[in-house]
>>> print(open('run33.pdb').read())   # PDB, C-alpha atoms
ATOM      1  CA  MET U   1     -18.299  16.219 -25.441
ATOM      2  CA  LYS U   2     -18.728  15.659 -21.733
ATOM      3  CA  TYR U   3     -18.475  12.372 -19.871
ATOM      4  CA  VAL U   4     -19.157  11.687 -16.234
ATOM      5  CA  VAL U   5     -17.475   8.792 -14.460
ATOM      6  CA  ILE U   6     -18.804   7.692 -11.097
ATOM      7  CA  VAL U   7     -16.631   5.394  -9.001
ATOM      8  CA  LYS U   8     -18.245   3.562  -6.108
ATOM      9  CA  PRO U   9     -16.948   1.123  -3.513
ATOM     10  CA  LYS U  10     -17.982  -2.434  -4.433
ATOM     11  CA  LYS U  11     -20.869  -3.952  -2.557
ATOM     12  CA  GLY U  12     -19.675  -5.429   0.710
ATOM     13  CA  ILE U  13     -16.512  -3.313   0.879
ATOM     14  CA  LEU U  14     -16.202  -1.446   4.150
ATOM     15  CA  ASP U  15     -16.949   2.240   3.621
ATOM     16  CA  PRO U  16     -16.041   3.980   6.888
ATOM     17  CA  GLN U  17     -16.638   7.439   5.370
ATOM     18  CA  GLY U  18     -20.175   6.466   4.431
ATOM     19  CA  LYS U  19     -20.755   5.031   7.902
ATOM     20  CA  ALA U  20     -19.556   8.228   9.604
ATOM     21  CA  ILE U  21     -21.739  10.421   7.368
ATOM     22  CA  LYS U  22     -24.742   8.141   7.913
ATOM     23  CA  LYS U  23     -24.340   8.364  11.681
ATOM     24  CA  VAL U  24     -24.099  12.167  11.672
ATOM     25  CA  SER U  25     -27.055  12.435   9.286
ATOM     26  CA  GLU U  26     -29.164  10.213  11.548
ATOM     27  CA  ASN U  27     -28.211  12.186  14.629
ATOM     28  CA  TYR U  28     -28.948  15.466  12.853
ATOM     29  CA  THR U  29     -32.331  14.469  11.384
ATOM     30  CA  GLY U  30     -33.401  12.015  14.063
ATOM     31  CA  LYS U  31     -34.448   9.651  11.279
ATOM     32  CA  LYS U  32     -33.161   6.243  10.298
ATOM     33  CA  ILE U  33     -31.153   6.034   7.098
ATOM     34  CA  GLU U  34     -30.690   2.650   5.494
ATOM     35  CA  ASP U  35     -27.214   3.239   4.090
ATOM     36  CA  ILE U  36     -24.866   5.920   2.744
ATOM     37  CA  ARG U  37     -22.000   4.995   0.442
ATOM     38  CA  VAL U  38     -19.361   7.508  -0.639
ATOM     39  CA  GLY U  39     -18.195   7.524  -4.248
ATOM     40  CA  LYS U  40     -16.139   9.759  -6.523
ATOM     41  CA  TYR U  41     -17.412  11.884  -9.378
ATOM     42  CA  PHE U  42     -15.280  12.843 -12.381
ATOM     43  CA  GLU U  43     -16.200  15.175 -15.234
ATOM     44  CA  ILE U  44     -14.135  14.658 -18.363
ATOM     45  CA  THR U  45     -14.396  16.945 -21.374
ATOM     46  CA  LEU U  46     -13.204  15.929 -24.844
ATOM     47  CA  ASN U  47     -13.311  17.786 -28.150
ATOM     48  CA  GLU U  48     -14.429  14.634 -29.948
ATOM     49  CA  PRO U  49     -16.286  11.711 -28.377
ATOM     50  CA  ASP U  50     -13.971   8.811 -27.568
ATOM     51  CA  ASP U  51     -15.698   6.124 -25.507
ATOM     52  CA  GLU U  52     -12.687   3.844 -25.623
ATOM     53  CA  LEU U  53     -10.409   6.502 -24.093
ATOM     54  CA  ILE U  54     -12.853   7.171 -21.270
ATOM     55  CA  GLU U  55     -13.197   3.449 -20.613
ATOM     56  CA  THR U  56      -9.395   3.085 -20.369
ATOM     57  CA  VAL U  57      -9.061   6.055 -18.013
ATOM     58  CA  ALA U  58     -11.980   4.917 -15.849
ATOM     59  CA  LYS U  59     -10.735   1.333 -15.651
ATOM     60  CA  ASN U  60      -7.002   1.871 -15.217
ATOM     61  CA  ILE U  61      -6.702   5.201 -13.415
ATOM     62  CA  LEU U  62      -9.923   6.383 -11.803
ATOM     63  CA  SER U  63     -10.903   3.092 -10.181
ATOM     64  CA  ASN U  64      -9.277   0.107  -8.531
ATOM     65  CA  GLU U  65     -11.117  -2.995  -9.643
ATOM     66  CA  VAL U  66     -10.331  -4.829  -6.419
ATOM     67  CA  ILE U  67     -12.481  -2.481  -4.352
ATOM     68  CA  GLU U  68     -14.424  -0.218  -6.718
ATOM     69  CA  ASP U  69     -16.957  -0.294  -9.564
ATOM     70  CA  TYR U  70     -17.310   2.492 -12.098
ATOM     71  CA  GLU U  71     -20.041   3.796 -14.322
ATOM     72  CA  VAL U  72     -19.579   5.993 -17.410
ATOM     73  CA  ILE U  73     -22.323   8.447 -18.321
ATOM     74  CA  LYS U  74     -22.260  10.335 -21.622
ATOM     75  CA  LYS U  75     -23.670  13.839 -21.283
TER      76      LYS U  75
ATOM     77  CA  MET O   1      24.165  -4.377  -3.523
ATOM     78  CA  LYS O   2      23.313  -0.831  -4.447
ATOM     79  CA  VAL O   3      19.956   0.418  -3.338
ATOM     80  CA  ALA O   4      17.808   2.924  -5.219
ATOM     81  CA  ILE O   5      15.679   4.978  -2.825
ATOM     82  CA  VAL O   6      12.923   6.280  -5.075
ATOM     83  CA  ARG O   7      11.507   9.740  -4.446
ATOM     84  CA  PHE O   8       8.111  10.674  -5.807
ATOM     85  CA  LEU O   9       6.526  14.085  -5.426
ATOM     86  CA  GLY O  10       5.316  13.930  -1.842
ATOM     87  CA  THR O  11       7.664  11.207  -0.574
ATOM     88  CA  ASN O  12       8.777  12.130   2.948
ATOM     89  CA  CYS O  13      10.446   9.053   4.417
ATOM     90  CA  ASP O  14      13.324   9.104   1.907
ATOM     91  CA  PHE O  15      15.851  10.490   4.392
ATOM     92  CA  ASP O  16      14.787   7.987   7.043
ATOM     93  CA  CYS O  17      15.515   5.178   4.572
ATOM     94  CA  LYS O  18      18.831   6.802   3.654
ATOM     95  CA  TYR O  19      19.668   7.020   7.369
ATOM     96  CA  ALA O  20      18.855   3.336   7.804
ATOM     97  CA  CYS O  21      21.045   2.359   4.829
ATOM     98  CA  ASP O  22      23.959   4.614   5.893
ATOM     99  CA  THR O  23      23.803   3.382   9.488
ATOM    100  CA  LEU O  24      23.976  -0.235   8.359
ATOM    101  CA  GLY O  25      26.661   0.352   5.726
ATOM    102  CA  ILE O  26      24.316  -0.316   2.795
ATOM    103  CA  LYS O  27      25.224   1.554  -0.400
ATOM    104  CA  SER O  28      22.290   3.663  -1.508
ATOM    105  CA  GLU O  29      21.350   6.600  -3.676
ATOM    106  CA  PHE O  30      18.269   8.724  -4.148
ATOM    107  CA  VAL O  31      16.532   8.278  -7.482
ATOM    108  CA  PHE O  32      13.910  10.702  -8.764
ATOM    109  CA  TYR O  33      10.580   9.411 -10.078
ATOM    110  CA  THR O  34      11.412  10.698 -13.574
ATOM    111  CA  GLN O  35      14.473   8.455 -13.913
ATOM    112  CA  ILE O  36      13.891   5.860 -16.601
ATOM    113  CA  ASP O  37      16.970   3.711 -16.214
ATOM    114  CA  LEU O  38      17.943   1.987 -12.966
ATOM    115  CA  ASN O  39      21.146   0.530 -14.391
ATOM    116  CA  GLY O  40      23.682  -0.097 -11.649
ATOM    117  CA  PHE O  41      21.032  -0.650  -8.982
ATOM    118  CA  ASP O  42      19.985  -4.070  -7.861
ATOM    119  CA  THR O  43      17.618  -3.211  -5.050
ATOM    120  CA  VAL O  44      14.765  -0.744  -4.690
ATOM    121  CA  ILE O  45      13.182   0.947  -1.707
ATOM    122  CA  LEU O  46       9.872   2.730  -2.242
ATOM    123  CA  PRO O  47       9.703   4.874   0.899
ATOM    124  CA  GLY O  48       6.682   6.205   2.739
ATOM    125  CA  GLY O  49       5.024   9.560   2.281
ATOM    126  CA  PHE O  50       2.162  10.988   0.289
ATOM    127  CA  SER O  51       3.053  10.472  -3.361
ATOM    128  CA  TYR O  52       1.059  12.874  -5.515
ATOM    129  CA  GLY O  53      -0.679  14.071  -2.352
ATOM    130  CA  ASP O  54      -2.457  10.699  -2.121
ATOM    131  CA  TYR O  55      -4.906  12.153  -4.645
ATOM    132  CA  LEU O  56      -7.381   9.721  -6.192
ATOM    133  CA  ARG O  57      -6.171   6.749  -4.072
ATOM    134  CA  SER O  58      -2.895   6.301  -2.201
ATOM    135  CA  GLY O  59      -0.244   5.185  -4.651
ATOM    136  CA  ALA O  60      -2.614   5.317  -7.636
ATOM    137  CA  LEU O  61      -0.868   8.116  -9.504
ATOM    138  CA  ALA O  62       2.693   7.144  -8.595
ATOM    139  CA  LYS O  63       2.324   3.854 -10.449
ATOM    140  CA  PHE O  64       2.432   5.767 -13.758
ATOM    141  CA  SER O  65       5.804   7.405 -12.977
ATOM    142  CA  PRO O  66       8.568   6.672 -15.514
ATOM    143  CA  VAL O  67      10.752   4.992 -12.874
ATOM    144  CA  MET O  68       8.128   2.336 -12.186
ATOM    145  CA  ASP O  69       8.812   0.458 -15.436
ATOM    146  CA  SER O  70      12.392  -0.104 -14.277
ATOM    147  CA  VAL O  71      11.195  -1.070 -10.805
ATOM    148  CA  ARG O  72       8.898  -3.651 -12.421
ATOM    149  CA  GLU O  73      11.790  -4.930 -14.501
ATOM    150  CA  LEU O  74      14.087  -5.360 -11.468
ATOM    151  CA  ALA O  75      11.272  -7.030  -9.532
ATOM    152  CA  LYS O  76      10.687  -9.417 -12.424
ATOM    153  CA  LYS O  77      14.382 -10.307 -12.511
ATOM    154  CA  GLY O  78      14.116 -11.304  -8.856
ATOM    155  CA  TYR O  79      15.931  -8.382  -7.249
ATOM    156  CA  PRO O  80      14.697  -7.264  -3.825
ATOM    157  CA  VAL O  81      12.082  -4.512  -3.844
ATOM    158  CA  ILE O  82      10.612  -3.218  -0.604
ATOM    159  CA  GLY O  83       7.694  -0.800  -0.357
ATOM    160  CA  ILE O  84       7.092   0.806   3.016
ATOM    161  CA  CYS O  85       3.744   2.423   3.861
ATOM    162  CA  ASN O  86       3.049   4.628   0.816
ATOM    163  CA  GLY O  87       5.581   2.417  -0.974
ATOM    164  CA  PHE O  88       3.378  -0.589  -0.135
ATOM    165  CA  GLN O  89       0.382   1.293  -1.520
ATOM    166  CA  ILE O  90       2.345   1.983  -4.726
ATOM    167  CA  LEU O  91       3.331  -1.707  -5.056
ATOM    168  CA  ILE O  92      -0.328  -2.665  -4.644
ATOM    169  CA  GLU O  93      -1.602  -0.125  -7.165
ATOM    170  CA  SER O  94       1.146  -1.139  -9.596
ATOM    171  CA  GLY O  95       0.077  -4.750  -9.446
ATOM    172  CA  LEU O  96       3.464  -5.888  -8.105
ATOM    173  CA  LEU O  97       1.518  -7.025  -5.065
ATOM    174  CA  LYS O  98      -2.173  -7.814  -5.049
ATOM    175  CA  GLY O  99      -5.122  -6.661  -2.961
ATOM    176  CA  ALA O 100      -6.053  -3.137  -1.930
ATOM    177  CA  LEU O 101      -5.382  -0.774   0.939
ATOM    178  CA  LEU O 102      -8.559   0.810   2.250
ATOM    179  CA  LYS O 103      -9.000   3.642   4.705
ATOM    180  CA  ASN O 104      -8.407   2.614   8.312
ATOM    181  CA  LYS O 105     -11.498   1.157   9.906
ATOM    182  CA  THR O 106     -11.386   3.890  12.555
ATOM    183  CA  LEU O 107     -11.269   6.586   9.835
ATOM    184  CA  ARG O 108      -8.363   8.086  11.758
ATOM    185  CA  PHE O 109      -4.737   8.571  10.831
ATOM    186  CA  ILE O 110      -2.965   6.178  13.207
ATOM    187  CA  HIS O 111       0.557   6.730  14.485
ATOM    188  CA  LYS O 112       1.789   4.422  17.203
ATOM    189  CA  ASP O 113       4.088   1.512  17.904
ATOM    190  CA  VAL O 114       2.699  -1.907  17.073
ATOM    191  CA  TYR O 115       3.884  -5.469  17.538
ATOM    192  CA  LEU O 116       4.281  -7.678  14.504
ATOM    193  CA  LYS O 117       4.437 -11.423  14.348
ATOM    194  CA  VAL O 118       6.812 -12.717  11.698
ATOM    195  CA  GLU O 119       5.040 -15.445   9.767
ATOM    196  CA  LYS O 120       6.702 -18.399   8.119
ATOM    197  CA  SER O 121       6.919 -17.014   4.601
ATOM    198  CA  ARG O 122       8.978 -17.036   1.436
ATOM    199  CA  CYS O 123       9.895 -13.362   1.879
ATOM    200  CA  TYR O 124      13.521 -12.494   1.126
ATOM    201  CA  PHE O 125      13.548  -9.689   3.709
ATOM    202  CA  THR O 126      12.647 -11.906   6.664
ATOM    203  CA  LYS O 127      14.458 -15.091   5.646
ATOM    204  CA  ASN O 128      16.908 -14.846   8.569
ATOM    205  CA  ILE O 129      14.276 -13.944  11.121
ATOM    206  CA  LYS O 130      12.882 -16.876  13.049
ATOM    207  CA  SER O 131       9.174 -17.286  12.305
ATOM    208  CA  GLU O 132       6.922 -16.495  15.260
ATOM    209  CA  SER O 133       9.379 -13.754  16.310
ATOM    210  CA  VAL O 134       7.726 -10.520  17.413
ATOM    211  CA  LEU O 135       9.036  -7.169  16.196
ATOM    212  CA  LYS O 136       8.112  -3.713  17.434
ATOM    213  CA  MET O 137       7.765  -0.951  14.839
ATOM    214  CA  PRO O 138       5.812   2.259  14.413
ATOM    215  CA  ILE O 139       2.922   2.666  12.003
ATOM    216  CA  ALA O 140       1.774   6.040  10.651
ATOM    217  CA  HIS O 141      -0.977   5.832   8.053
ATOM    218  CA  ALA O 142      -4.562   6.641   7.147
ATOM    219  CA  GLU O 143      -5.011   3.935   4.503
ATOM    220  CA  GLY O 144      -3.390   0.764   5.746
ATOM    221  CA  ASN O 145      -6.418  -1.485   5.955
ATOM    222  CA  TYR O 146      -5.297  -4.385   3.757
ATOM    223  CA  PHE O 147      -8.145  -5.973   1.852
ATOM    224  CA  CYS O 148      -8.348  -8.936  -0.490
ATOM    225  CA  SER O 149     -10.938 -11.495  -1.528
ATOM    226  CA  ASP O 150     -11.353 -14.692   0.467
ATOM    227  CA  ASP O 151      -9.916 -16.627  -2.483
ATOM    228  CA  TYR O 152      -6.823 -14.468  -2.606
ATOM    229  CA  LEU O 153      -6.345 -14.703   1.171
ATOM    230  CA  LYS O 154      -6.355 -18.464   0.761
ATOM    231  CA  TYR O 155      -3.813 -18.108  -2.038
ATOM    232  CA  LEU O 156      -1.605 -15.946   0.209
ATOM    233  CA  LEU O 157      -1.842 -18.515   2.980
ATOM    234  CA  ASP O 158      -1.289 -21.530   0.721
ATOM    235  CA  ASN O 159       1.796 -19.931  -0.806
ATOM    236  CA  ASP O 160       3.408 -18.525   2.354
ATOM    237  CA  MET O 161       3.095 -14.932   1.147
ATOM    238  CA  ILE O 162       1.873 -13.370   4.404
ATOM    239  CA  VAL O 163       4.975 -11.921   6.054
ATOM    240  CA  LEU O 164       3.875  -9.823   9.044
ATOM    241  CA  ARG O 165       0.699  -9.737  11.132
ATOM    242  CA  TYR O 166      -0.371  -7.294  13.823
ATOM    243  CA  ALA O 167      -0.119  -9.047  17.174
ATOM    244  CA  SER O 168       0.288  -8.562  20.900
ATOM    245  CA  LYS O 169       3.680  -8.230  22.561
ATOM    246  CA  ASN O 170       3.613 -11.997  23.041
ATOM    247  CA  GLY O 171       2.625 -12.772  19.476
ATOM    248  CA  HIS O 172      -1.034 -13.362  20.207
ATOM    249  CA  ILE O 173      -3.241 -12.423  17.262
ATOM    250  CA  ASN O 174      -6.806 -11.154  17.488
ATOM    251  CA  ASP O 175      -8.913  -8.106  16.572
ATOM    252  CA  THR O 176      -7.747  -6.148  19.632
ATOM    253  CA  TYR O 177      -4.297  -5.870  18.105
ATOM    254  CA  ASN O 178      -5.502  -4.973  14.624
ATOM    255  CA  PRO O 179      -5.046  -1.193  14.377
ATOM    256  CA  ASN O 180      -6.643  -0.560  10.991
ATOM    257  CA  GLY O 181      -9.049  -3.408  10.213
ATOM    258  CA  SER O 182      -6.746  -5.354   7.880
ATOM    259  CA  VAL O 183      -7.949  -8.756   6.726
ATOM    260  CA  TYR O 184      -6.358 -11.508   8.845
ATOM    261  CA  ASN O 185      -4.350  -8.821  10.774
ATOM    262  CA  ILE O 186      -2.056  -8.517   7.751
ATOM    263  CA  ALA O 187       0.695  -5.889   8.057
ATOM    264  CA  GLY O 188       2.921  -7.070   5.211
ATOM    265  CA  ILE O 189       2.860  -9.454   2.264
ATOM    266  CA  CYS O 190       5.280 -10.564  -0.438
ATOM    267  CA  ASN O 191       4.954 -11.802  -4.008
ATOM    268  CA  GLU O 192       5.225 -15.399  -5.211
ATOM    269  CA  ASN O 193       9.007 -15.153  -5.562
ATOM    270  CA  GLY O 194       9.456 -13.541  -2.167
ATOM    271  CA  ASN O 195      11.563 -10.682  -3.534
ATOM    272  CA  VAL O 196       8.853  -7.993  -3.535
ATOM    273  CA  PHE O 197       7.795  -7.040  -0.031
ATOM    274  CA  GLY O 198       5.220  -4.462   1.009
ATOM    275  CA  LEU O 199       4.465  -3.477   4.597
ATOM    276  CA  MET O 200       2.654  -0.680   6.382
ATOM    277  CA  PRO O 201       4.976  -0.415   9.449
ATOM    278  CA  HIS O 202       8.192   1.601   9.215
ATOM    279  CA  PRO O 203      11.334  -0.511   9.780
ATOM    280  CA  GLU O 204      13.553   2.442   8.782
ATOM    281  CA  ARG O 205      12.479   4.223  11.961
ATOM    282  CA  VAL O 206      13.831   1.430  14.185
ATOM    283  CA  VAL O 207      17.479   1.452  13.175
ATOM    284  CA  GLY O 208      20.715   2.535  14.887
ATOM    285  CA  ASP O 209      20.051   4.640  17.974
ATOM    286  CA  LEU O 210      16.329   4.095  17.459
ATOM    287  CA  GLY O 211      16.317   0.311  17.918
ATOM    288  CA  ARG O 212      17.116  -3.023  16.334
ATOM    289  CA  ASP O 213      13.828  -4.400  15.069
ATOM    290  CA  GLY O 214      13.968  -2.534  11.765
ATOM    291  CA  GLU O 215      17.610  -3.346  11.230
ATOM    292  CA  ILE O 216      17.000  -7.033  10.748
ATOM    293  CA  ILE O 217      14.758  -6.249   7.781
ATOM    294  CA  PHE O 218      17.264  -3.858   6.184
ATOM    295  CA  LYS O 219      20.268  -6.086   6.862
ATOM    296  CA  HIS O 220      19.116  -8.352   4.062
ATOM    297  CA  LEU O 221      20.176  -5.580   1.681
ATOM    298  CA  LEU O 222      23.818  -5.776   2.761
TER     299      LEU O 222
END
>>> encode(input="run33.pdb", output="structure tokens")
Amino acid sequence: MKYVVIVKPKKGILDPQGKAIKKVSENYTGKKIEDIRVGKYFEITLNEPDDELIETVAKNILSNEVIEDYEVIKK
Amino acid sequence: MKVAIVRFLGTNCDFDCKYACDTLGIKSEFVFYTQIDLNGFDTVILPGGFSYGDYLRSGALAKFSPVMDSVRELAKKGYPVIGICNGFQILIESGLLKGALLKNKTLRFIHKDVYLKVEKSRCYFTKNIKSESVLKMPIAHAEGNYFCSDDYLKYLLDNDMIVLRYASKNGHINDTYNPNGSVYNIAGICNENGNVFGLMPHPERVVGDLGRDGEIIFKHLL
């Protein structure tokens, strides 16, 4: 059983990495880009599905609720 | 007082803290992150460094170390706990202090001397330092941009929990003197009881032959 957890900076939180990448991308393509936000991607494999376990790991380890939101995707 | 200087995998300011304690005649011992029991210690220093390689988020993995339960227990009992740089990040991730430390606004690792205004606060570690004093200390970090919600900033202000703010040599505070983008120029905060103190600057590097401004923070551990 495979799960994917995506952790993203909360809306409004400064994302200097995203800003730097956006700037370079605009310079490289010559086109305007509205916004780029950088997140983290985790692939977690379990023998048996366990949504509760993934929720605990995503909430308490993979993300910091003060600055980040997470999303769990079951594959 | 006997100070536990906690070493995590990747801690690298442990010897600087030991030097500061030895120079000032403060009894201290290194404690490894696997140690469960901190019996016999009544003070904790979480030194700077790159615990667990700063993987995931700075301080995020260190908070699960066995020693942290004992650190929490001592903090709860009111004993002094100071987290410097990565130690501050660990205190934040552990929930012993609140908020978050984001990447520096400049995206750069910053290492330089800064001036810090001592705020009127309830912090144990600055209780003998006159408020409005200005201290000079080095910073060396990539993720020292303190962030919290507007509500929590108000809470910090209302409860005298802001301890140090980045300032000019004369104690003037504005964005020019904010090296990393921290909310309200915050360089250090404490908890409600004043015994848990986290700061990004390195007082242990301004002790003995290296200066006096760090000594006055450490002297509270005597």
>>> residues_around(input="run33.pdb", residues="Gln17 (chain U)", least_positions_apart="5", cutoff="8 Å", atoms="only C-alpha atoms", output="PyMOL selection string")
(chain U and resi 37-38) or (chain O and resi 107)
>>> write_last_selection(input="run33.pdb", atoms="C-alpha atoms", output="compact mmCIF listing (two decimals), keeping the file's coordinate frame")
# COMPACT_ATOMS: atom_id res chain seq x y z
CA ARG U 37 -22.00 5.00 0.44
CA VAL U 38 -19.36 7.51 -0.64
CA LEU O 107 -11.27 6.59 9.84
>>> residues_around(input="run33.pdb", residues="Leu199 (chain O)", least_positions_apart="6", cutoff="8 Å", atoms="all atoms listed in the file", output="VMD selection string")
chain O and resid 83 to 85 88 164 187 to 189
>>> interface_residues(input="run33.pdb", of="chain U", to="chain O", cutoff="8 Å", atoms="only C-alpha atoms", output="MDAnalysis selection string")
chainID U and resid 14 16:17 61:62 64 66:67
>>> write_last_selection(input="run33.pdb", atoms="C-alpha atoms", output="short mmCIF file (atom, residue, chain, number, x, y, z; two decimals), keeping the file's coordinate frame")
data_model
loop_
_atom_site.label_atom_id
_atom_site.label_comp_id
_atom_site.auth_asym_id
_atom_site.auth_seq_id
_atom_site.Cartn_x
_atom_site.Cartn_y
_atom_site.Cartn_z
CA LEU U 14 -16.20 -1.45 4.15
CA PRO U 16 -16.04 3.98 6.89
CA GLN U 17 -16.64 7.44 5.37
CA ILE U 61 -6.70 5.20 -13.42
CA LEU U 62 -9.92 6.38 -11.80
CA ASN U 64 -9.28 0.11 -8.53
CA VAL U 66 -10.33 -4.83 -6.42
CA ILE U 67 -12.48 -2.48 -4.35
#
>>> atom_distance(input="run33.pdb", atom1="CA of Lys74 (chain U)", atom2="CA of Ile36 (chain U)")
24.9 Å
>>> resolve_selection(input="run33.pdb", expression="the PyMOL selection byres ((chain O and resi 115) around 9)", output="ChimeraX atom specification")
/O:113-114,116-117,134-138,165-171,177
>>> build_atoms(input="run33.pdb", residues="region 165-173 of chain O", atoms="all heavy atoms", output="tab-separated table (two decimals), in the frame of the given file")
chain	number	residue	atom	x	y	z
O	165	ARG	N	2.08	-9.95	10.66
O	165	ARG	CA	0.70	-9.74	11.13
O	165	ARG	C	0.73	-8.95	12.43
O	165	ARG	O	1.61	-9.14	13.27
O	165	ARG	CB	0.01	-11.08	11.35
O	165	ARG	CG	-0.26	-11.84	10.07
O	165	ARG	CD	-0.78	-13.24	10.37
O	165	ARG	NE	-2.17	-13.20	10.78
O	165	ARG	CZ	-2.79	-14.23	11.38
O	165	ARG	NH1	-2.13	-15.33	11.64
O	165	ARG	NH2	-4.06	-14.13	11.72
O	166	TYR	N	-0.25	-8.06	12.58
O	166	TYR	CA	-0.37	-7.29	13.82
O	166	TYR	C	-0.71	-8.25	14.96
O	166	TYR	O	-1.60	-9.09	14.84
O	166	TYR	CB	-1.48	-6.24	13.70
O	166	TYR	CG	-1.22	-5.25	12.60
O	166	TYR	CD1	-1.97	-5.26	11.42
O	166	TYR	CD2	-0.22	-4.28	12.72
O	166	TYR	CE1	-1.73	-4.36	10.40
O	166	TYR	CE2	0.02	-3.37	11.70
O	166	TYR	CZ	-0.75	-3.41	10.54
O	166	TYR	OH	-0.50	-2.51	9.53
O	167	ALA	N	0.03	-8.11	16.07
O	167	ALA	CA	-0.12	-9.05	17.17
O	167	ALA	C	0.09	-8.34	18.51
O	167	ALA	O	0.38	-7.13	18.55
O	167	ALA	CB	0.90	-10.17	17.02
O	168	SER	N	-0.04	-9.10	19.58
O	168	SER	CA	0.29	-8.56	20.90
O	168	SER	C	1.79	-8.69	21.11
O	168	SER	O	2.49	-9.32	20.30
O	168	SER	CB	-0.45	-9.35	21.98
O	168	SER	OG	0.16	-10.62	22.13
O	169	LYS	N	2.25	-8.16	22.22
O	169	LYS	CA	3.68	-8.23	22.56
O	169	LYS	C	4.17	-9.68	22.59
O	169	LYS	O	5.32	-9.97	22.30
O	169	LYS	CB	3.85	-7.59	23.94
O	169	LYS	CG	5.24	-7.19	24.29
O	169	LYS	CD	5.23	-6.46	25.62
O	169	LYS	CE	6.63	-6.05	26.00
O	169	LYS	NZ	6.65	-5.26	27.24
O	170	ASN	N	3.24	-10.58	22.94
O	170	ASN	CA	3.61	-12.00	23.04
O	170	ASN	C	3.30	-12.79	21.78
O	170	ASN	O	3.38	-14.02	21.77
O	170	ASN	CB	2.87	-12.64	24.23
O	170	ASN	CG	3.17	-11.92	25.51
O	170	ASN	OD1	4.31	-11.54	25.76
O	170	ASN	ND2	2.15	-11.68	26.32
O	171	GLY	N	2.89	-12.08	20.74
O	171	GLY	CA	2.62	-12.77	19.48
O	171	GLY	C	1.22	-13.32	19.35
O	171	GLY	O	0.92	-14.09	18.45
O	172	HIS	N	0.35	-12.90	20.27
O	172	HIS	CA	-1.03	-13.36	20.21
O	172	HIS	C	-1.78	-12.51	19.17
O	172	HIS	O	-1.64	-11.29	19.16
O	172	HIS	CB	-1.66	-13.21	21.59
O	172	HIS	CG	-3.02	-13.82	21.69
O	172	HIS	ND1	-3.24	-15.17	21.52
O	172	HIS	CD2	-4.23	-13.26	21.90
O	172	HIS	CE1	-4.53	-15.41	21.64
O	172	HIS	NE2	-5.16	-14.28	21.86
O	173	ILE	N	-2.56	-13.17	18.32
O	173	ILE	CA	-3.24	-12.42	17.26
O	173	ILE	C	-4.75	-12.45	17.45
O	173	ILE	O	-5.36	-13.52	17.51
O	173	ILE	CB	-2.87	-12.99	15.87
O	173	ILE	CG1	-1.39	-12.68	15.59
O	173	ILE	CG2	-3.74	-12.38	14.78
O	173	ILE	CD1	-0.85	-13.33	14.35
